[in-house]
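Asker: So I've got this file, protein.cif, and it contains mmCIF, C-alpha atoms:
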```
data_start
loop_
_atom_site.label_atom_id
_atom_site.label_comp_id
_atom_site.auth_asym_id
_atom_site.auth_seq_id
_atom_site.Cartn_x
_atom_site.Cartn_y
_atom_site.Cartn_z
CA MET A 1 189.37 70.44 22.69
CA SER A 2 186.69 71.58 25.07
CA VAL A 3 187.78 72.94 28.43
CA VAL A 4 184.32 73.91 29.54
CA PRO A 5 183.80 73.00 33.19
CA ALA A 6 181.24 70.36 34.09
CA PRO A 7 177.78 71.77 34.61
CA ASN A 8 176.06 72.08 37.92
CA VAL A 9 173.39 69.47 37.40
CA ALA A 10 171.82 69.87 40.84
CA CYS A 11 169.03 72.01 39.44
CA ALA A 12 168.99 70.81 35.86
CA ILE A 13 165.75 71.00 33.97
CA ARG A 14 165.08 69.41 30.62
CA VAL A 15 164.50 71.36 27.41
CA THR A 16 160.85 70.88 26.67
CA PRO A 17 159.24 71.58 23.33
CA LEU A 18 157.92 75.12 23.20
CA ARG A 19 154.35 76.15 22.65
CA GLY A 20 153.07 78.53 20.05
CA ARG A 21 155.74 78.15 17.39
CA THR A 22 154.13 75.90 14.92
CA ASP A 23 155.30 77.22 11.56
CA GLN A 24 158.26 75.36 10.17
CA ASN A 25 159.95 78.13 8.26
CA GLY A 26 161.58 79.75 11.22
CA ALA A 27 160.17 83.09 10.08
CA MET A 28 157.82 83.25 13.01
CA SER A 29 156.54 86.45 14.44
CA ASP A 30 156.82 85.90 18.12
CA GLU A 31 154.87 88.01 20.54
CA VAL A 32 157.62 87.69 23.14
CA GLU A 33 160.03 89.24 20.68
CA ILE A 34 157.66 92.08 19.93
CA GLU A 35 157.08 92.72 23.60
CA PHE A 36 160.82 92.59 24.27
CA ARG A 37 161.47 95.25 21.66
CA SER A 38 158.87 97.52 23.24
CA GLY A 39 161.32 98.16 26.09
CA THR A 40 158.86 97.65 28.93
CA GLU A 41 159.78 95.73 32.07
CA ARG A 42 157.05 93.25 31.16
CA GLY A 43 158.72 92.69 27.80
CA LEU A 44 162.08 92.00 29.43
CA GLN A 45 160.44 89.71 31.97
CA ARG A 46 158.79 87.65 29.24
CA ALA A 47 162.11 87.35 27.40
CA TYR A 48 163.70 86.22 30.66
CA GLU A 49 160.96 83.70 31.40
CA GLU A 50 161.31 82.25 27.92
CA HIS A 51 165.09 82.30 27.54
CA GLY A 52 166.59 82.87 31.01
CA ALA A 53 167.36 79.18 31.54
CA LEU A 54 169.12 78.92 28.17
CA VAL A 55 171.28 81.97 28.88
CA HIS A 56 171.99 80.84 32.43
CA THR A 57 172.93 77.35 31.25
CA LEU A 58 175.51 78.80 28.88
CA CYS A 59 176.91 81.09 31.59
CA ALA A 60 176.91 78.36 34.25
CA ARG A 61 178.69 75.86 32.05
CA ALA A 62 181.18 78.38 30.63
CA HIS A 63 181.95 80.38 33.77
CA PRO A 64 180.34 78.77 36.85
CA ALA A 65 181.77 81.25 39.36
CA ALA A 66 180.20 84.27 37.67
CA ALA A 67 177.07 82.65 36.21
CA ALA A 68 174.38 84.58 38.08
CA ASP A 69 176.10 87.93 37.49
CA LEU A 70 176.65 87.14 33.83
CA THR A 71 173.03 86.13 33.27
CA GLN A 72 171.91 89.38 34.86
CA GLU A 73 174.35 91.38 32.71
CA VAL A 74 173.17 89.65 29.54
CA PHE A 75 169.55 90.65 30.07
CA LEU A 76 170.34 94.22 31.06
CA ALA A 77 172.69 94.59 28.09
CA ALA A 78 170.01 93.08 25.85
CA TRP A 79 167.46 95.56 27.15
CA ARG A 80 169.81 98.47 26.39
CA ALA A 81 170.53 97.12 22.92
CA ARG A 82 166.94 96.05 22.21
CA GLU A 83 166.62 98.31 19.18
CA ARG A 84 169.47 96.46 17.53
CA PHE A 85 167.57 93.16 17.79
CA ASP A 86 166.18 92.40 14.34
CA PRO A 87 163.71 89.46 14.36
CA SER A 88 164.18 89.00 10.63
CA ARG A 89 167.80 88.03 11.23
CA GLY A 90 167.08 85.30 13.75
CA PRO A 91 165.28 84.35 16.93
CA LEU A 92 165.63 86.24 20.20
CA ALA A 93 167.05 83.15 21.95
CA ALA A 94 169.99 83.08 19.56
CA TRP A 95 170.57 86.83 19.79
CA LEU A 96 170.70 86.55 23.59
CA VAL A 97 173.15 83.65 23.30
CA GLY A 98 175.35 85.87 21.11
CA ILE A 99 175.41 88.51 23.85
CA ALA A 100 176.08 85.86 26.50
CA LYS A 101 179.09 84.53 24.58
CA ASN A 102 180.61 88.02 24.52
CA LYS A 103 179.94 88.50 28.24
CA VAL A 104 181.62 85.19 29.07
CA VAL A 105 184.73 85.97 27.03
CA ASP A 106 184.78 89.49 28.47
CA ALA A 107 184.57 88.14 32.03
CA TYR A 108 187.57 85.87 31.48
CA ARG A 109 189.46 88.77 29.98
CA LYS A 110 188.69 91.03 32.94
CA ASP A 111 189.76 88.35 35.41
CA GLY A 112 192.97 87.65 33.59
CA ARG A 113 194.18 91.09 32.63
CA GLN A 114 195.03 89.57 29.30
CA VAL A 115 194.58 90.71 25.74
CA PRO A 116 192.86 87.64 24.30
CA THR A 117 194.31 87.53 20.84
CA ALA A 118 194.40 84.23 19.03
CA ARG A 119 198.10 84.87 18.40
CA ASP A 120 199.06 84.73 22.06
CA ASP A 121 200.51 81.42 23.06
CA ASP A 122 201.12 81.23 26.78
CA GLY A 123 198.59 78.49 27.45
CA SER A 124 196.27 80.53 29.62
CA GLN A 125 192.58 79.81 29.72
CA LEU A 126 191.97 83.08 27.91
CA VAL A 127 194.03 82.02 25.00
CA ARG A 128 192.17 78.76 24.75
CA LEU A 129 188.93 80.68 24.90
CA ALA A 130 190.12 82.86 22.06
CA ASP A 131 191.88 80.21 20.03
CA GLY A 132 190.01 80.02 16.75
CA ARG A 133 186.88 78.05 17.39
CA GLN A 134 186.30 78.92 21.01
CA PRO A 135 184.99 76.41 23.49
CA VAL A 136 182.30 78.89 24.43
CA ASP A 137 181.24 79.01 20.77
CA ASN A 138 181.01 75.25 20.61
CA LEU A 139 179.03 75.10 23.84
CA ALA A 140 176.69 77.80 22.54
CA ASP A 141 176.20 75.91 19.27
CA ARG A 142 175.25 72.71 21.10
CA LEU A 143 172.75 74.52 23.28
CA LEU A 144 171.30 76.30 20.24
CA VAL A 145 170.81 73.00 18.42
CA THR A 146 168.86 71.53 21.32
CA GLU A 147 166.96 74.80 21.72
CA ALA A 148 166.04 74.93 18.04
CA LEU A 149 164.96 71.28 18.08
CA ALA A 150 162.63 72.03 20.97
CA THR A 151 160.86 74.68 18.89
CA LEU A 152 159.91 72.16 16.19
CA PRO A 153 156.43 70.66 16.24
CA GLU A 154 156.14 67.06 17.41
CA ARG A 155 156.30 65.17 14.09
CA PRO A 156 159.19 67.01 12.43
CA ARG A 157 161.12 67.02 15.69
CA ARG A 158 160.80 63.28 16.01
CA ILE A 159 161.81 62.80 12.38
CA VAL A 160 164.84 65.12 12.68
CA GLU A 161 165.92 63.31 15.84
CA MET A 162 165.66 59.94 14.10
CA ALA A 163 167.79 61.24 11.23
CA PHE A 164 170.40 62.93 13.43
CA PHE A 165 170.68 60.82 16.53
CA GLU A 166 169.61 57.40 15.39
CA GLU A 167 171.17 58.01 11.96
CA LEU A 168 168.34 56.30 10.15
CA THR A 169 167.95 56.78 6.41
CA HIS A 170 165.00 58.74 5.10
CA GLU A 171 163.46 55.48 3.86
CA GLN A 172 163.85 53.82 7.27
CA ILE A 173 162.21 56.82 8.95
CA ALA A 174 159.31 56.76 6.49
CA GLU A 175 158.90 53.04 7.12
CA GLU A 176 159.00 53.35 10.87
CA THR A 177 156.74 56.40 11.21
CA SER A 178 154.35 55.67 8.32
CA VAL A 179 154.97 59.23 7.15
CA PRO A 180 155.34 59.60 3.34
CA LEU A 181 158.96 59.78 2.17
CA GLY A 182 158.47 63.26 0.66
CA THR A 183 157.20 64.57 3.99
CA VAL A 184 160.14 63.01 5.82
CA LYS A 185 162.52 64.75 3.45
CA SER A 186 160.84 68.12 3.73
CA ASP A 187 160.63 67.85 7.53
CA ILE A 188 164.37 67.21 7.65
CA ARG A 189 165.14 70.01 5.23
CA ARG A 190 163.05 72.48 7.20
CA GLY A 191 164.47 71.20 10.47
CA LEU A 192 167.99 71.84 9.21
CA ALA A 193 166.97 75.33 8.13
CA ARG A 194 165.59 76.01 11.61
CA LEU A 195 168.81 74.82 13.25
CA ARG A 196 170.94 76.87 10.87
CA ARG A 197 168.87 79.97 11.62
CA TYR A 198 169.55 79.61 15.33
CA LEU A 199 173.25 78.90 14.82
CA GLU A 200 173.83 81.81 12.48
CA ALA A 201 171.99 84.39 14.54
CA ALA A 202 174.37 83.79 17.44
CA ALA A 203 177.57 83.42 15.43
CA MET B 1 173.10 65.33 1.80
CA THR B 2 174.50 68.11 -0.33
CA ASP B 3 175.28 71.50 1.07
CA THR B 4 172.98 74.00 -0.58
CA HIS B 5 174.09 76.85 1.63
CA ASN B 6 177.48 77.84 0.36
CA GLY B 7 177.21 81.33 1.82
CA SER B 8 176.47 79.95 5.27
CA ARG B 9 178.91 79.48 8.10
CA PHE B 10 177.15 76.21 8.90
CA SER B 11 176.96 73.59 6.18
CA ASP B 12 174.50 70.71 6.46
CA GLU B 13 177.46 68.51 7.39
CA ASP B 14 178.52 70.95 10.16
CA ILE B 15 175.04 70.77 11.62
CA HIS B 16 174.90 66.98 11.36
CA GLU B 17 178.24 66.78 13.10
CA LEU B 18 177.10 69.13 15.86
CA ALA B 19 173.95 67.07 16.32
CA ARG B 20 175.96 63.84 16.48
CA SER B 21 178.29 65.36 19.07
CA LEU B 22 175.47 66.34 21.43
CA GLU B 23 175.59 64.84 24.87
CA SER B 24 172.70 64.20 27.16
CA HIS B 25 173.37 67.27 29.29
CA ASP B 26 173.20 69.54 26.23
CA PHE B 27 169.45 68.97 26.49
CA ASP B 28 169.45 70.08 30.12
CA ARG B 29 168.86 73.61 31.30
CA ILE B 30 170.13 75.04 34.55
CA ALA B 31 167.56 77.30 36.15
CA ALA B 32 168.92 80.64 37.33
CA PRO B 33 168.44 81.41 41.04
CA ALA B 34 165.39 83.58 41.75
CA SER B 35 167.71 86.41 42.78
CA VAL B 36 168.80 86.85 39.16
CA TRP B 37 165.44 88.18 37.98
CA GLU B 38 165.20 90.37 41.09
CA ASP B 39 168.59 91.87 40.24
CA ILE B 40 167.63 92.37 36.59
CA SER B 41 164.40 94.05 37.62
CA ALA B 42 166.22 96.34 40.08
CA GLY B 43 168.85 97.16 37.45
CA LEU B 44 166.15 97.99 34.93
CA GLU B 45 164.38 100.31 37.34
CA GLU B 46 167.65 102.16 37.92
CA GLU B 47 168.14 102.52 34.18
CA LEU B 48 164.61 103.78 33.65
CA ALA B 49 164.94 106.28 36.52
CA ALA B 50 168.31 107.49 35.22
CA SER B 51 167.06 107.99 31.68
CA GLU B 52 163.97 109.86 32.92
CA ALA B 53 166.12 112.07 35.15
CA SER B 54 168.52 112.85 32.35
CA ALA B 55 165.63 113.63 29.98
CA ARG B 56 164.28 116.05 32.61
CA ARG B 57 167.71 117.64 33.07
CA ARG B 58 168.14 118.06 29.35
CA SER B 59 164.74 119.60 28.90
CA ARG B 60 165.25 122.04 31.80
CA ARG B 61 168.67 123.00 30.63
CA TRP B 62 167.82 123.72 27.04
CA PHE B 63 164.26 124.85 26.95
CA ASN B 64 163.03 126.11 30.29
CA SER B 65 165.68 128.51 31.43
CA ALA B 66 166.42 131.87 29.87
CA PRO B 67 169.72 132.35 31.76
CA MET B 68 170.80 128.90 30.65
CA LEU B 69 169.96 129.74 27.07
CA ALA B 70 172.10 132.87 27.33
CA ILE B 71 174.98 130.83 28.72
CA ALA B 72 174.50 128.26 25.99
CA ALA B 73 174.59 130.95 23.34
CA ALA B 74 177.76 132.42 24.83
CA THR B 75 179.31 128.95 24.97
CA LEU B 76 178.48 128.33 21.33
CA LEU B 77 180.11 131.62 20.46
CA MET B 78 183.26 130.66 22.39
CA VAL B 79 183.31 127.23 20.75
CA GLY B 80 183.02 128.97 17.40
CA VAL B 81 185.98 131.16 18.19
CA ALA B 82 188.00 128.21 19.47
CA ALA B 83 187.17 126.16 16.36
CA ALA B 84 188.23 129.06 14.15
CA VAL B 85 191.54 129.26 16.03
CA VAL B 86 192.13 125.52 15.74
CA SER B 87 191.29 125.44 12.07
CA ARG B 88 193.62 128.36 11.36
CA SER B 89 196.38 126.85 13.41
CA GLY B 90 196.70 123.81 11.23
CA ASN B 91 195.83 120.25 10.56
CA THR B 92 193.38 119.27 13.28
CA ALA B 93 190.22 120.84 11.88
CA ARG B 94 187.34 118.43 12.31
CA THR B 95 186.15 118.68 8.74
CA ASP B 96 189.45 117.22 7.56
CA GLY B 97 188.51 113.84 5.99
CA ASP B 98 185.36 111.73 5.71
CA GLN B 99 183.50 110.65 8.82
CA VAL B 100 182.76 106.95 8.33
CA ALA B 101 181.53 105.77 11.75
CA SER B 102 180.80 107.12 15.17
CA ALA B 103 180.18 105.82 18.67
CA SER B 104 178.82 107.28 21.88
CA MET B 105 181.02 106.16 24.75
CA THR B 106 179.65 105.80 28.27
CA ASP B 107 180.46 103.84 31.41
CA ALA B 108 177.31 101.71 31.07
CA ASP B 109 177.96 98.13 32.13
CA LEU B 110 181.67 98.71 32.74
CA PRO B 111 183.77 97.89 35.80
CA VAL B 112 184.77 101.52 36.42
CA ALA B 113 182.20 104.32 36.71
CA THR B 114 182.59 107.89 35.52
CA ASP B 115 180.36 110.91 34.94
CA GLU B 116 182.25 111.72 31.75
CA THR B 117 181.17 110.58 28.29
CA ALA B 118 182.79 110.78 24.89
CA GLN B 119 181.98 110.77 21.22
CA ALA B 120 184.35 108.77 19.04
CA THR B 121 184.33 109.34 15.27
CA VAL B 122 186.33 107.47 12.66
CA VAL B 123 187.66 109.96 10.13
CA CYS B 124 189.39 108.75 6.97
CA ARG B 125 191.40 110.57 4.35
CA ASP B 126 193.49 109.10 1.55
CA GLY B 127 193.04 105.61 2.98
CA ARG B 128 194.30 106.58 6.44
CA CYS B 129 191.86 106.58 9.31
CA GLU B 130 191.91 108.11 12.76
CA VAL B 131 189.62 107.93 15.74
CA ASP B 132 188.60 111.42 16.79
CA VAL B 133 187.77 111.27 20.49
CA ASP B 134 185.76 114.12 21.96
CA LEU B 135 185.59 113.80 25.75
CA THR B 136 183.31 115.82 28.03
CA GLY B 137 186.28 115.58 30.40
CA LEU B 138 188.97 113.11 31.40
CA PRO B 139 187.75 110.23 33.57
CA GLU B 140 189.70 109.88 36.84
CA ALA B 141 192.54 107.39 36.32
CA GLY B 142 194.02 107.55 39.82
CA ASP B 143 197.70 107.61 40.78
CA ASP B 144 200.25 105.80 38.70
CA ALA B 145 197.82 104.97 35.94
CA ASP B 146 196.98 106.23 32.46
CA LEU B 147 193.92 106.20 30.27
CA GLU B 148 194.43 104.13 27.15
CA LEU B 149 192.34 103.99 23.97
CA TRP B 150 191.55 100.66 22.30
CA VAL B 151 189.53 99.26 19.44
CA ILE B 152 188.22 95.73 19.97
CA ASN B 153 186.63 93.22 17.60
CA GLY B 154 183.03 92.08 17.92
CA ASP B 155 183.66 88.90 19.87
CA VAL B 156 186.36 90.46 22.05
CA THR B 157 189.14 88.21 20.86
CA ASP B 158 191.42 90.82 19.33
CA MET B 159 192.20 94.45 20.01
CA HIS B 160 194.58 97.25 19.20
CA SER B 161 195.86 100.00 21.46
CA LEU B 162 195.65 103.44 19.89
CA GLY B 163 197.69 105.05 22.63
CA ILE B 164 197.48 106.95 25.91
CA VAL B 165 194.67 109.47 26.15
CA THR B 166 195.44 112.78 27.82
CA GLU B 167 192.90 114.97 26.05
CA SER B 168 190.31 115.01 23.29
CA GLY B 169 192.08 114.48 19.99
CA ARG B 170 192.82 112.20 17.09
CA TYR B 171 194.37 108.77 17.39
CA PRO B 172 195.52 107.01 14.19
CA LEU B 173 194.19 103.52 13.45
CA PRO B 174 196.86 100.99 12.41
CA ASP B 175 196.81 100.12 8.71
CA GLY B 176 194.10 97.60 7.91
CA VAL B 177 192.22 98.15 11.17
CA THR B 178 188.67 99.31 10.45
CA ALA B 179 185.61 100.21 12.48
CA ASP B 180 183.82 97.35 10.74
CA ASP B 181 186.26 94.75 12.03
CA PHE B 182 186.90 96.46 15.38
CA PRO B 183 183.54 98.01 16.23
CA ILE B 184 184.09 98.41 19.98
CA VAL B 185 185.93 101.55 21.08
CA ASP B 186 187.13 101.44 24.65
CA ILE B 187 189.06 103.60 27.13
CA SER B 188 190.63 101.72 30.01
CA ILE B 189 192.60 102.63 33.11
CA GLU B 190 196.07 101.14 32.77
CA PRO B 191 198.33 100.93 35.83
CA ARG B 192 201.95 101.83 35.04
CA ASP B 193 203.04 98.29 35.80
CA GLY B 194 204.83 97.43 32.58
CA VAL B 195 202.02 95.14 31.45
CA ALA B 196 201.08 96.13 27.91
CA ALA B 197 197.87 94.10 27.88
CA HIS B 198 194.44 95.58 28.53
CA SER B 199 193.88 95.80 32.29
CA GLY B 200 190.20 94.96 32.07
CA GLN B 201 189.43 98.24 33.86
CA SER B 202 187.34 99.85 31.15
CA VAL B 203 185.82 103.22 32.00
CA LEU B 204 184.23 104.32 28.70
CA ARG B 205 183.01 102.19 25.86
CA GLY B 206 180.91 102.48 22.73
CA THR B 207 180.15 100.68 19.49
CA PHE B 208 180.83 102.22 16.12
CA GLU B 209 177.87 102.64 13.83
CA SER B 210 178.39 103.56 10.20
CA ILE B 211 177.52 107.12 9.28
#
```
Go through the file and emit its structure as structure tokens.
Answerer:
Amino acid sequence: MSVVPAPNVACAIRVTPLRGRTDQNGAMSDEVEIEFRSGTERGLQRAYEEHGALVHTLCARAHPAAAADLTQEVFLAAWRARERFDPSRGPLAAWLVGIAKNKVVDAYRKDGRQVPTARDDDGSQLVRLADGRQPVDNLADRLLVTEALATLPERPRRIVEMAFFEELTHEQIAEETSVPLGTVKSDIRRGLARLRRYLEAAA
Amino acid sequence: MTDTHNGSRFSDEDIHELARSLESHDFDRIAAPASVWEDISAGLEEELAASEASARRRSRRWFNSAPMLAIAAATLLMVGVAAAVVSRSGNTARTDGDQVASASMTDADLPVATDETAQATVVCRDGRCEVDVDLTGLPEAGDDADLELWVINGDVTDMHSLGIVTESGRYPLPDGVTADDFPIVDISIEPRDGVAAHSGQSVLRGTFESI
């Protein structure tokens, strides 16, 4: 299904857990977000420092030839639209990813002189990009899941990873981590809520 | 695990499936070259300078100049006369129908630059809607090309042409096409090459906001 080109891994860096986001409800008030909305250059710079790599990763994997230009466009467009960013509807990272997805699709459309309707059926890359669940959407979702995971504090992140990647049962996780079963369950429930919040804000 | 989020686009199972499908490089981030921030910073300074300059121009034009005020008053009078003529002459009076959404159209972030801007307003009456486009002037289309009006959906996967634009005026929306579903209003330069698709050469664009 996916036709996303292979990433340029020459300068890959790993998602590391973020500092300063320790509540588990996802309803965090984030000073970067507040500063971003203020419209100052400093606010934009902090948003870029925090989320530039995420946005650039999406652009580089979805449209390698135009990645640097697209990343630049995303942040300038975000600055212009900053008043439309509503922190209560989701995190800034996800909002920026939503803009980046549009820029990527737009860039393909401009290159191809093609109306990208899902009804077209001539096999062009644009049509595949626009065909129902777009590859760029899927790529964005995967990056948002890893991004959201990185915002979780150490214990819940580890527990969510054990449940998702190692596919252990809640009881097995409780056994292995010596964390009470009820805590395991609530960590997983909150972890899912955090992931959903990221996914929905960019959808 | 049961899905307790029926209203959500992403069920618990969707998220589990996404998580299971992750590959190692989904955890990797690709750092942008240093030039990207430099370009963003330069772009931002241009924007800030432009908005300051335009604020200064506006304030000079409207508040600091008696001759300009006189001209403005005379212009308003002429507009009043013209509007009266239009409304007497028939069906294009601007108060005809309910205004449901409007968009300011500029060349910001578009491939083609212009000094012109436009205001687009969706006006509905008896279930039929039109986009009323009010241009400061016609952007330059060049030889053998037309300006074409489009509405585009939020994720730029579907659009409708509302026709060739030769002047400010009203352009009917196809049945079932709403500003909610197609919030982007766009004017592009279309070469007369027989290709009906959008050329990608947008010159004015805006996003409808409900009134």
Asker: Using all atoms listed in the file, which residues of chain B come within 7 Å of chain A, and what is the closest atom pair for each, with the distance in Å to one decimal? Give it as CSV, sorted by chain and residue number.
Answerer:
```
residue,atom,partner,partner_atom,distance
B:Phe10,CA,A:Arg196,CA,6.5
B:His16,CA,A:Phe164,CA,6.4
B:Leu18,CA,A:Arg142,CA,6.6
B:Ala19,CA,A:Phe164,CA,6.2
B:Arg20,CA,A:Phe165,CA,6.1
B:Leu22,CA,A:Arg142,CA,6.4
B:Asp26,CA,A:Leu143,CA,5.8
B:Phe27,CA,A:Val15,CA,5.6
B:Asp28,CA,A:Arg14,CA,4.4
B:Arg29,CA,A:Ile13,CA,4.9
B:Ile30,CA,A:Ala12,CA,4.6
B:Ala31,CA,A:Ala53,CA,5.0
B:Ala32,CA,A:His56,CA,5.8
B:Val36,CA,A:Gln72,CA,5.9
B:Asp39,CA,A:Gln72,CA,6.8
B:Ile40,CA,A:Gln72,CA,5.5
B:Leu44,CA,A:Leu76,CA,6.8
B:Asp155,CA,A:Asn102,CA,5.6
B:Val156,CA,A:Asp106,CA,6.7
B:Thr157,CA,A:Pro116,CA,5.1
B:Asp158,CA,A:Thr117,CA,4.6
B:Ala197,CA,A:Val115,CA,5.2
B:His198,CA,A:Val115,CA,5.6
B:Ser199,CA,A:Arg113,CA,4.7
B:Gly200,CA,A:Lys110,CA,4.3
```
Asker: Between B:Arg125, B:Thr207, B:Ser8, B:Leu138, which one has atoms that come closest to A:Ala81, using only C-alpha atoms?
Answerer: B:Thr207
Asker: Please indicate the distance in Å from atom CA of B:Ser102 to atom CA of B:Arg128, rounded to one decimal place.
Answerer: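 So the two atoms, atom CA of B:Ser102 and atom CA of B:Arg128, lie 16.1 Å apart.
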Asker: For a test of reading the model, state the distance in Å between atom CA of B:Ala50 and atom CA of B:Pro183, rounded to one decimal.
Answerer: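 These atoms are spaced 26.1 Å apart.
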Asker: Quick one: pull the distance between atom CA of B:Leu162 and atom CA of B:Val133, Å, one decimal.
Answerer: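 For atom CA of B:Leu162 relative to atom CA of B:Val133, the distance reads 11.1 Å.
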Asker: Which residue, A:Arg155, A:Ala78, A:Ala202, A:Asp187, has the smallest gap to A:Pro91 when you use all atoms listed in the file?
Answerer: A:Ala202
Asker: Might I get the box with edges along x, y and z of the file that holds all atoms of stretch 57-71 of chain A listed there, padded by 6 Å on every side, given as centre and edge lengths in Å to one decimal, as lines of an AutoDock Vina configuration file?
Answerer:
```
center_x = 177.4
center_y = 81.9
center_z = 34.1
size_x = 21.0
size_y = 24.1
size_z = 22.5
```
Asker: Would you list the contacts of B:Val203 as a PyMOL selection string, taking every protein, DNA or RNA residue within 12 Å and counting only C-alpha atoms, but skipping same-chain residues closer than 3 positions in sequence?
Answerer: chain B and resi 105-118+138-141+146-150+185-190+199-200+206
